[in-house]
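Student: Provided below: coords03.csv, containing CSV, C-alpha atoms and all ligand atoms.
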```
chain,number,residue,atom,x,y,z
C,1,MET,CA,0.0,0.0,0.0
C,2,PRO,CA,1.5,3.4,-0.9
C,3,ILE,CA,1.9,5.9,1.9
C,4,HIS,CA,-0.3,8.9,1.3
C,5,GLU,CA,-0.5,10.1,5.0
C,6,LYS,CA,2.1,12.7,5.7
C,7,SER,CA,2.3,11.7,9.3
C,8,LEU,CA,3.5,8.3,8.3
C,9,ILE,CA,6.7,9.7,6.8
C,10,ARG,CA,9.3,9.1,9.5
C,11,PRO,CA,12.2,11.6,9.9
C,12,GLU,CA,14.7,8.7,9.5
C,13,ASN,CA,13.2,8.0,6.0
C,14,LEU,CA,14.0,11.5,4.7
C,15,THR,CA,17.3,12.1,2.9
C,16,THR,CA,18.5,15.6,2.2
C,17,GLN,CA,21.6,16.4,0.0
C,18,GLU,CA,23.3,19.3,1.7
C,19,ASP,CA,25.5,20.1,-1.3
C,20,LEU,CA,23.9,19.4,-4.6
C,21,VAL,CA,24.2,21.4,-7.9
C,22,ILE,CA,22.5,20.1,-11.0
C,23,ASP,CA,23.2,21.8,-14.4
C,24,GLY,CA,24.6,24.8,-12.5
C,25,ILE,CA,21.5,25.2,-10.3
C,26,ASP,CA,22.0,24.8,-6.6
C,27,VAL,CA,19.3,22.5,-5.3
C,28,SER,CA,20.9,21.8,-1.9
C,29,GLY,CA,19.1,21.3,1.4
C,30,HIS,CA,15.3,21.6,1.3
C,31,TRP,CA,15.2,21.4,-2.5
C,32,SER,CA,16.7,18.0,-2.6
C,33,THR,CA,14.7,16.1,0.1
C,34,PHE,CA,13.7,12.6,-0.9
C,35,ILE,CA,11.5,10.1,0.9
C,36,GLU,CA,13.0,6.6,1.1
C,37,SER,CA,10.5,4.0,0.1
C,38,ARG,CA,9.1,1.9,3.0
C,39,VAL,CA,6.9,-1.2,2.9
C,40,ILE,CA,4.4,-1.9,5.7
C,41,THR,CA,3.6,-5.6,6.0
C,42,ASP,CA,2.2,-6.1,9.4
C,43,TYR,CA,-1.4,-5.2,8.9
C,44,ASN,CA,-3.9,-6.3,11.5
C,45,GLU,CA,-7.1,-6.6,9.5
C,46,ASP,CA,-9.1,-7.2,12.7
C,47,ILE,CA,-8.1,-4.0,14.5
C,48,GLN,CA,-11.1,-1.9,13.4
C,49,ASP,CA,-13.5,-4.6,14.4
C,50,GLU,CA,-11.7,-5.1,17.8
C,51,ILE,CA,-11.9,-1.4,18.6
C,52,ALA,CA,-15.5,-1.2,17.4
C,53,SER,CA,-16.4,-4.0,19.8
C,54,LEU,CA,-15.3,-1.9,22.8
C,55,PRO,CA,-17.5,0.8,24.4
C,56,GLY,CA,-17.1,4.1,22.5
C,57,GLY,CA,-15.6,2.6,19.3
C,58,GLU,CA,-18.9,1.4,17.7
C,59,PHE,CA,-19.1,4.1,15.0
C,60,ILE,CA,-15.5,4.3,13.9
C,61,HIS,CA,-16.5,3.0,10.4
C,62,ARG,CA,-18.4,6.2,9.7
C,63,CYS,CA,-15.3,8.4,9.7
C,64,TRP,CA,-14.6,10.2,6.4
C,65,GLN,CA,-11.3,11.8,7.6
C,66,CYS,CA,-12.5,15.5,7.5
C,67,GLY,CA,-10.2,16.3,10.4
C,68,SER,CA,-12.8,18.4,12.4
C,69,CYS,CA,-12.1,16.3,15.5
C,70,THR,CA,-8.4,17.1,15.5
C,71,ASN,CA,-9.0,20.8,14.6
C,72,SER,CA,-11.3,21.2,17.6
C,73,CYS,CA,-9.2,19.1,20.0
C,74,THR,CA,-8.1,20.6,23.3
C,75,ILE,CA,-5.0,18.4,23.6
C,76,ASN,CA,-4.0,18.9,19.9
C,77,ALA,CA,-3.9,22.6,20.6
C,78,VAL,CA,-1.0,22.0,23.0
C,79,ASN,CA,0.5,18.9,21.5
C,80,PRO,CA,0.2,18.7,17.7
C,81,GLU,CA,1.1,15.0,17.9
C,82,PHE,CA,-2.2,14.2,19.5
C,83,ASN,CA,-4.3,13.6,16.4
C,84,PRO,CA,-7.6,11.6,16.7
C,85,ARG,CA,-8.2,11.8,12.9
C,86,TYR,CA,-4.8,10.2,12.2
C,87,TRP,CA,-5.3,7.4,14.7
C,88,ILE,CA,-8.7,6.7,13.2
C,89,TYR,CA,-7.1,6.5,9.8
C,90,LEU,CA,-4.5,4.0,11.2
C,91,ILE,CA,-7.1,1.8,12.8
C,92,ARG,CA,-9.3,1.8,9.7
C,93,THR,CA,-6.3,0.8,7.5
C,94,GLY,CA,-5.1,-1.9,10.0
C,95,MET,CA,-1.8,-0.2,10.7
C,96,GLU,CA,-1.3,-1.6,14.2
C,97,SER,CA,2.4,-1.0,14.6
C,98,GLU,CA,2.0,2.7,13.5
C,99,LEU,CA,-0.8,3.1,16.1
C,100,VAL,CA,1.3,1.4,18.8
C,101,ARG,CA,4.1,3.9,18.2
C,102,ASP,CA,1.8,6.6,19.7
C,103,LYS,CA,0.7,4.5,22.7
C,104,ASP,CA,2.1,7.0,25.2
C,105,ILE,CA,0.0,9.9,23.8
C,106,ILE,CA,-3.4,8.4,23.0
C,107,TRP,CA,-4.4,8.1,26.7
C,108,GLN,CA,-4.0,11.8,27.2
C,109,CYS,CA,-7.5,12.6,25.9
C,110,VAL,CA,-9.3,14.6,28.6
C,111,SER,CA,-12.8,13.7,27.5
C,112,CYS,CA,-13.8,17.3,26.8
C,113,ASN,CA,-15.9,16.0,23.9
C,114,LYS,CA,-15.2,19.0,21.7
C,115,CYS,CA,-14.5,16.5,18.9
C,116,THR,CA,-17.8,14.8,19.5
C,117,TYR,CA,-19.7,18.0,18.8
C,118,ALA,CA,-17.5,18.9,15.8
C,119,CYS,CA,-17.8,15.5,14.1
C,120,PRO,CA,-20.2,15.7,11.1
C,121,ARG,CA,-20.5,11.9,11.0
C,122,ASP,CA,-21.4,11.1,14.6
C,123,VAL,CA,-18.3,8.9,14.9
C,124,PHE,CA,-18.0,9.9,18.6
C,125,PRO,CA,-14.2,10.4,18.4
C,126,GLU,CA,-13.9,10.8,22.2
C,127,GLY,CA,-15.3,7.3,22.6
C,128,VAL,CA,-12.9,6.0,20.0
C,129,MET,CA,-10.0,7.5,21.9
C,130,LYS,CA,-11.2,5.8,25.1
C,131,ALA,CA,-11.8,2.5,23.2
C,132,THR,CA,-8.3,2.7,21.7
C,133,ALA,CA,-6.6,3.4,25.0
C,134,HIS,CA,-8.5,0.4,26.4
C,135,TRP,CA,-7.5,-1.7,23.5
C,136,LEU,CA,-3.8,-0.8,24.0
C,137,HIS,CA,-4.0,-1.8,27.6
C,138,MET,CA,-6.0,-5.1,27.0
C,139,LYS,CA,-3.5,-6.1,24.3
C,140,GLY,CA,-0.6,-5.5,26.7
C,141,HIS,CA,0.9,-2.5,24.8
C,142,THR,CA,0.5,-0.2,27.8
C,143,PRO,CA,-0.1,-0.4,31.5
C,144,LYS,CA,-3.5,0.8,32.7
C,145,SER,CA,-3.9,4.5,32.0
C,146,PRO,CA,-4.6,6.8,34.9
C,147,SER,CA,-8.0,7.5,33.4
C,148,THR,CA,-8.9,3.7,33.4
C,149,ILE,CA,-7.7,3.5,37.0
C,150,PHE,CA,-9.9,6.4,38.0
C,151,ASP,CA,-12.9,4.8,36.3
C,152,GLU,CA,-12.2,1.6,38.2
C,153,VAL,CA,-11.9,3.3,41.6
C,154,PHE,CA,-15.1,5.3,40.9
C,155,THR,CA,-17.0,2.1,39.8
C,156,GLU,CA,-15.8,0.0,42.7
C,157,GLN,CA,-17.1,2.7,45.1
C,158,VAL,CA,-20.5,2.9,43.5
C,159,ILE,CA,-20.8,-0.9,43.5
C,160,ALA,CA,-19.8,-1.2,47.1
C,161,THR,CA,-21.8,1.7,48.6
C,162,GLY,CA,-24.2,3.1,46.0
C,163,LYS,CA,-22.7,6.5,46.6
C,164,ILE,CA,-19.7,8.5,45.6
C,165,GLU,CA,-17.5,10.2,48.3
C,166,GLU,CA,-15.1,12.4,46.4
C,167,GLY,CA,-12.3,12.5,49.1
C,168,ARG,CA,-12.2,8.7,49.3
C,169,THR,CA,-12.2,8.3,45.5
C,170,ILE,CA,-9.3,10.8,45.1
C,171,ARG,CA,-7.3,9.1,48.0
C,172,ARG,CA,-7.7,5.7,46.4
C,173,PHE,CA,-6.9,6.9,43.0
C,174,PHE,CA,-3.7,8.6,44.3
C,175,LYS,CA,-2.7,5.4,46.1
C,176,ARG,CA,-3.3,3.2,43.1
C,177,THR,CA,-1.3,5.4,40.8
C,178,GLY,CA,1.5,5.8,43.3
C,179,GLN,CA,1.0,9.5,43.8
C,180,GLY,CA,1.5,11.4,47.1
C,181,LEU,CA,-1.6,13.1,48.6
C,182,PHE,CA,0.2,16.3,49.5
C,183,GLN,CA,1.0,17.6,46.1
C,184,ASP,CA,1.2,21.4,45.6
C,185,TRP,CA,-1.9,21.6,43.4
C,186,VAL,CA,-3.9,19.5,45.9
C,187,ILE,CA,-2.9,21.8,48.8
C,188,ALA,CA,-3.8,24.9,46.7
C,189,MET,CA,-7.2,23.4,45.7
C,190,THR,CA,-7.9,22.4,49.3
C,191,ARG,CA,-7.1,25.9,50.5
C,192,GLN,CA,-9.5,27.4,48.0
C,193,LEU,CA,-12.2,24.9,49.0
C,194,LEU,CA,-11.8,25.8,52.6
C,195,LYS,CA,-12.1,29.5,51.8
C,196,HIS,CA,-15.1,29.3,49.6
C,197,LEU,CA,-17.3,26.3,50.4
C,198,PRO,CA,-20.1,26.7,52.9
C,199,VAL,CA,-19.3,25.4,56.4
C,200,GLY,CA,-22.3,23.0,56.3
C,201,LEU,CA,-21.1,21.4,53.1
C,202,MET,CA,-17.5,21.1,54.4
C,203,ALA,CA,-18.8,19.3,57.5
C,204,HIS,CA,-20.9,17.0,55.4
C,205,MET,CA,-17.9,16.1,53.2
C,206,GLY,CA,-15.6,15.6,56.3
C,207,LEU,CA,-18.2,13.3,57.9
C,208,SER,CA,-18.7,11.3,54.6
C,209,ALA,CA,-14.9,10.8,54.3
C,210,LEU,CA,-14.9,9.3,57.8
C,211,ILE,CA,-18.0,7.0,57.8
C,212,ALA,CA,-18.3,6.1,54.1
C,213,PRO,CA,-22.2,6.3,53.8
C,214,ARG,CA,-24.1,3.6,51.9
C,215,THR,CA,-27.4,3.6,50.1
C,216,SER,CA,-29.8,1.5,52.1
C,217,GLY,CA,-30.8,-1.8,50.5
C,218,TRP,CA,-28.0,-1.4,47.9
C,219,SER,CA,-26.5,-4.8,48.1
C,220,ARG,CA,-28.6,-6.5,45.4
C,221,ALA,CA,-28.2,-3.6,43.0
C,222,GLY,CA,-24.4,-3.6,43.6
C,223,LYS,CA,-24.3,-7.3,42.8
C,224,ALA,CA,-26.4,-6.9,39.7
C,225,LEU,CA,-24.0,-4.1,38.5
C,226,GLN,CA,-21.0,-6.2,39.2
C,227,GLY,CA,-22.5,-9.1,37.3
C,228,TYR,CA,-23.2,-6.8,34.3
C,229,ILE,CA,-19.7,-5.5,34.3
C,230,ASP,CA,-18.2,-9.0,34.4
C,231,GLU,CA,-20.4,-10.0,31.5
C,232,GLN,CA,-19.3,-7.0,29.4
C,233,GLN,CA,-15.6,-7.6,30.2
C,234,ALA,CA,-15.9,-11.2,29.2
C,235,LYS,CA,-17.5,-10.1,25.9
C,236,ASN,CA,-14.7,-7.6,25.3
C,237,HIS,CA,-12.0,-10.2,25.9
C,238,GLN,CA,-13.8,-12.6,23.6
C,239,ALA,CA,-13.9,-9.9,20.8
C,240,LEU,CA,-10.2,-9.4,21.2
C,241,ASN,CA,-9.5,-13.1,21.3
C,242,LEU,CA,-8.0,-12.9,24.8
C,243,ALA,CA,-8.4,-15.5,27.4
C,244,THR,CA,-11.5,-14.9,29.5
C,245,ASP,CA,-9.6,-15.6,32.8
C,246,ALA,CA,-7.8,-12.3,32.0
C,247,VAL,CA,-11.0,-10.6,33.2
C,248,ALA,CA,-10.3,-11.5,36.8
C,249,THR,CA,-6.7,-10.5,36.4
C,250,GLU,CA,-7.7,-7.2,35.0
C,251,ARG,CA,-10.1,-6.5,37.8
C,252,GLU,CA,-7.4,-7.3,40.3
C,253,GLY,CA,-5.1,-4.7,38.7
C,254,GLY,CA,-2.9,-6.9,36.5
Z,301,LIG,S1,-12.5,14.5,23.9
Z,301,LIG,FE1,-10.3,13.9,23.7
Z,301,LIG,S2,-10.0,13.7,21.5
Z,301,LIG,FE2,-11.9,14.8,21.8
Z,301,LIG,S3,-11.4,17.0,21.7
Z,301,LIG,FE3,-11.3,16.4,23.9
Z,301,LIG,S4,-9.2,15.8,24.3
Z,301,LIG,FE4,-9.5,15.9,22.0
Z,302,LIG,S1,-14.6,14.7,12.8
Z,302,LIG,FE1,-15.5,12.7,12.6
Z,302,LIG,S2,-15.6,12.3,10.4
Z,302,LIG,FE2,-14.2,14.0,10.7
Z,302,LIG,S3,-12.1,12.9,10.9
Z,302,LIG,FE3,-12.9,13.2,13.0
Z,302,LIG,S4,-14.0,11.3,13.4
Z,302,LIG,FE4,-13.7,11.4,11.2
```
Using structure tokens, write down the structure that the file contains.
Ligand code: SF4
Ligand code: SF4
Tutor:
Amino acid sequence: MPIHEKSLIRPENLTTQEDLVIDGIDVSGHWSTFIESRVITDYNEDIQDEIASLPGGEFIHRCWQCGSCTNSCTINAVNPEFNPRYWIYLIRTGMESELVRDKDIIWQCVSCNKCTYACPRDVFPEGVMKATAHWLHMKGHTPKSPSTIFDEVFTEQVIATGKIEEGRTIRRFFKRTGQGLFQDWVIAMTRQLLKHLPVGLMAHMGLSALIAPRTSGWSRAGKALQGYIDEQQAKNHQALNLATDAVATEREGG
């Protein structure tokens, strides 16, 4: 397949003659830049179907590569290498190894959903980014992303208690991601909260952090939720041809 995506031209495949004169005309440097040919052989013809089988990836086939998602993207504005349109192109053309090269950037999506509103084809690019980050983790290309770990901590708390207590969620998230609790930004944010939140609300939050309130009669609902999650995870593993016993390992943080 010929390469017609500019981002696929790697710097190491560009050759420039620094000193070249042809028929008396100086064509050195920029004027004599050549792209060395490169052949991609390791296509994964299943990758689009695999990502489409994960939550958020369902509508990837609709993409017509207009680029509106990338143009509107919050992260692309600060890091031009973060390019949802390009990754969707790689997935649709089965170029797994090219996609995996960007494995340490893809998870940086902040779920602002600007791309989702900009997309004329209802691809739901934010969902595709989430599904792709999940796919990279499930296939063993990356460890769990902080965003996946946060989702897990959040979900575990809902299943256990039927409620969310923010302080507990943040503490567990920090612990699981190996972060210290007393970071400068946390201290600054806590100071602002102490200054501006009503005393009654602060007292309520403090009490909730200590006693971990539960929704009464939640146990059956929590079990049903856990059953549904297990069922969906088993389906996802099956779609990616992964062993189903990996579901338990994944839940345990493996
Ligand atoms: S949701 Fe993610 S991909 Fe979409 S605009 Fe926001 S940061 Fe970019
Ligand atoms: S905005 Fe939608 S159709 Fe356009 S490139 Fe992004 S995902 Fe594809």
Student: Interatomic distance between CA of Thr169 (chain C) and CA of Phe154 (chain C)?
Tutor: 6.2 Å
Student: I'd like to know which of C:Gly127, C:Pro146, C:Gly162, C:Pro198 is closest to Gln108 (chain C), using only C-alpha atoms.
Tutor: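 Closest to Gln108 (chain C) of all the choices is C:Pro146.
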Student: CA of Ile88 (chain C) and CA of Ala239 (chain C) are how many Å apart?
Tutor: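 These two atoms are separated by 19.0 Å.
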Student: May I have the residues within 10 Å of Met95 (chain C) as a list in words, using all atoms listed in the file and disregarding those fewer than 6 positions away in the same chain?
Tutor: Ile40, Thr41, Asp42, Tyr43, Asn44, Glu45, Ile47, Gln48, Trp87 and Tyr89 of chain C
Student: Counting only C-alpha atoms and all ligand atoms, what are the residues of chain C within 8 Å of ligand LIG 302 (chain Z), and for each of them which pair of atoms is the nearest and at what distance in Å, to one decimal? Sort the table by chain and rising number, as JSON lines.
Tutor:
```
{"residue": "C:Ile60", "atom": "CA", "partner": "Z:LIG302", "partner_atom": "S4", "distance": 7.2}
{"residue": "C:Arg62", "atom": "CA", "partner": "Z:LIG302", "partner_atom": "S2", "distance": 6.7}
{"residue": "C:Cys63", "atom": "CA", "partner": "Z:LIG302", "partner_atom": "FE4", "distance": 3.7}
{"residue": "C:Trp64", "atom": "CA", "partner": "Z:LIG302", "partner_atom": "S2", "distance": 4.6}
{"residue": "C:Gln65", "atom": "CA", "partner": "Z:LIG302", "partner_atom": "S3", "distance": 3.6}
{"residue": "C:Cys66", "atom": "CA", "partner": "Z:LIG302", "partner_atom": "FE2", "distance": 3.9}
{"residue": "C:Gly67", "atom": "CA", "partner": "Z:LIG302", "partner_atom": "S3", "distance": 3.9}
{"residue": "C:Ser68", "atom": "CA", "partner": "Z:LIG302", "partner_atom": "S1", "distance": 4.1}
{"residue": "C:Cys69", "atom": "CA", "partner": "Z:LIG302", "partner_atom": "S1", "distance": 4.0}
{"residue": "C:Thr70", "atom": "CA", "partner": "Z:LIG302", "partner_atom": "FE3", "distance": 6.5}
{"residue": "C:Pro84", "atom": "CA", "partner": "Z:LIG302", "partner_atom": "FE3", "distance": 6.7}
{"residue": "C:Arg85", "atom": "CA", "partner": "Z:LIG302", "partner_atom": "S3", "distance": 4.5}
{"residue": "C:Tyr86", "atom": "CA", "partner": "Z:LIG302", "partner_atom": "S3", "distance": 7.9}
{"residue": "C:Ile88", "atom": "CA", "partner": "Z:LIG302", "partner_atom": "S4", "distance": 7.0}
{"residue": "C:Cys115", "atom": "CA", "partner": "Z:LIG302", "partner_atom": "S1", "distance": 6.4}
{"residue": "C:Thr116", "atom": "CA", "partner": "Z:LIG302", "partner_atom": "S1", "distance": 7.4}
{"residue": "C:Ala118", "atom": "CA", "partner": "Z:LIG302", "partner_atom": "S1", "distance": 5.9}
{"residue": "C:Cys119", "atom": "CA", "partner": "Z:LIG302", "partner_atom": "S1", "distance": 3.5}
{"residue": "C:Pro120", "atom": "CA", "partner": "Z:LIG302", "partner_atom": "S2", "distance": 5.8}
{"residue": "C:Arg121", "atom": "CA", "partner": "Z:LIG302", "partner_atom": "S2", "distance": 5.0}
{"residue": "C:Asp122", "atom": "CA", "partner": "Z:LIG302", "partner_atom": "FE1", "distance": 6.4}
{"residue": "C:Val123", "atom": "CA", "partner": "Z:LIG302", "partner_atom": "S4", "distance": 5.1}
{"residue": "C:Phe124", "atom": "CA", "partner": "Z:LIG302", "partner_atom": "S4", "distance": 6.7}
{"residue": "C:Pro125", "atom": "CA", "partner": "Z:LIG302", "partner_atom": "S4", "distance": 5.1}
```
Student: Nearest to ligand LIG 301 (chain Z): which of C:His141, C:Arg168, C:Lys130, C:Lys163 is it, counting all atoms listed in the file?
Tutor: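 Smallest distance to ligand LIG 301 (chain Z) is found for C:Lys130.
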Student: Smallest atom-to-atom distance to ligand LIG 301 (chain Z): which of C:Glu98, C:Glu81, C:Glu165, C:Glu152, using all atoms listed in the file?
Tutor: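 Of C:Glu98, C:Glu81, C:Glu165, C:Glu152, the one nearest ligand LIG 301 (chain Z) is C:Glu81, counting all atoms listed in the file.
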Student: Step by step: start from the point (1.7, 0.5, 26.4) in the file's coordinates, keep every protein, DNA or RNA residue that has an atom no farther than 8 Å from it, count only C-alpha atoms, and write the set as a list in words.
Tutor: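 Final list of nearby residues, as requested, is Val100, Lys103, Asp104, Leu136, His137, Gly140, His141, Thr142 and Pro143 of chain C.
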Student: In Å, rounded to a single decimal, give me how far CA of Leu54 (chain C) is from atom S1 of ligand LIG 301 (chain Z).
Tutor: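 Computing it gives 16.7 Å between the two atoms.
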Student: Go through C:Pro55, C:Gly222, C:Pro80, C:Pro11 one by one, measure the shortest atom-to-atom distance of each to ligand LIG 301 (chain Z) using only C-alpha atoms and all ligand atoms, and give the residue with the smallest value.
Tutor: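 Of C:Pro55, C:Gly222, C:Pro80, C:Pro11, the one nearest ligand LIG 301 (chain Z), counting only C-alpha atoms and all ligand atoms, is C:Pro80.
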Student: Give as a ChimeraX atom specification every residue, naming chains and numbers as the document does, that has an atom within 10 Å of (-19.1, 5.2, 48.1), counting all atoms listed in the file.
Tutor: /C:153-166,168-169,208-209,211-215
Student: Could you please take those selected residues and save C-alpha atoms as a PDB file, in the coordinates of the input?
Tutor:
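New file result16.pdb:
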```pdb
ATOM      1  CA  VAL C 153     -11.900   3.300  41.600  1.00  0.00           C
ATOM      2  CA  PHE C 154     -15.100   5.300  40.900  1.00  0.00           C
ATOM      3  CA  THR C 155     -17.000   2.100  39.800  1.00  0.00           C
ATOM      4  CA  GLU C 156     -15.800   0.000  42.700  1.00  0.00           C
ATOM      5  CA  GLN C 157     -17.100   2.700  45.100  1.00  0.00           C
ATOM      6  CA  VAL C 158     -20.500   2.900  43.500  1.00  0.00           C
ATOM      7  CA  ILE C 159     -20.800  -0.900  43.500  1.00  0.00           C
ATOM      8  CA  ALA C 160     -19.800  -1.200  47.100  1.00  0.00           C
ATOM      9  CA  THR C 161     -21.800   1.700  48.600  1.00  0.00           C
ATOM     10  CA  GLY C 162     -24.200   3.100  46.000  1.00  0.00           C
ATOM     11  CA  LYS C 163     -22.700   6.500  46.600  1.00  0.00           C
ATOM     12  CA  ILE C 164     -19.700   8.500  45.600  1.00  0.00           C
ATOM     13  CA  GLU C 165     -17.500  10.200  48.300  1.00  0.00           C
ATOM     14  CA  GLU C 166     -15.100  12.400  46.400  1.00  0.00           C
ATOM     15  CA  ARG C 168     -12.200   8.700  49.300  1.00  0.00           C
ATOM     16  CA  THR C 169     -12.200   8.300  45.500  1.00  0.00           C
ATOM     17  CA  SER C 208     -18.700  11.300  54.600  1.00  0.00           C
ATOM     18  CA  ALA C 209     -14.900  10.800  54.300  1.00  0.00           C
ATOM     19  CA  ILE C 211     -18.000   7.000  57.800  1.00  0.00           C
ATOM     20  CA  ALA C 212     -18.300   6.100  54.100  1.00  0.00           C
ATOM     21  CA  PRO C 213     -22.200   6.300  53.800  1.00  0.00           C
ATOM     22  CA  ARG C 214     -24.100   3.600  51.900  1.00  0.00           C
ATOM     23  CA  THR C 215     -27.400   3.600  50.100  1.00  0.00           C
TER      24      THR C 215
END
```
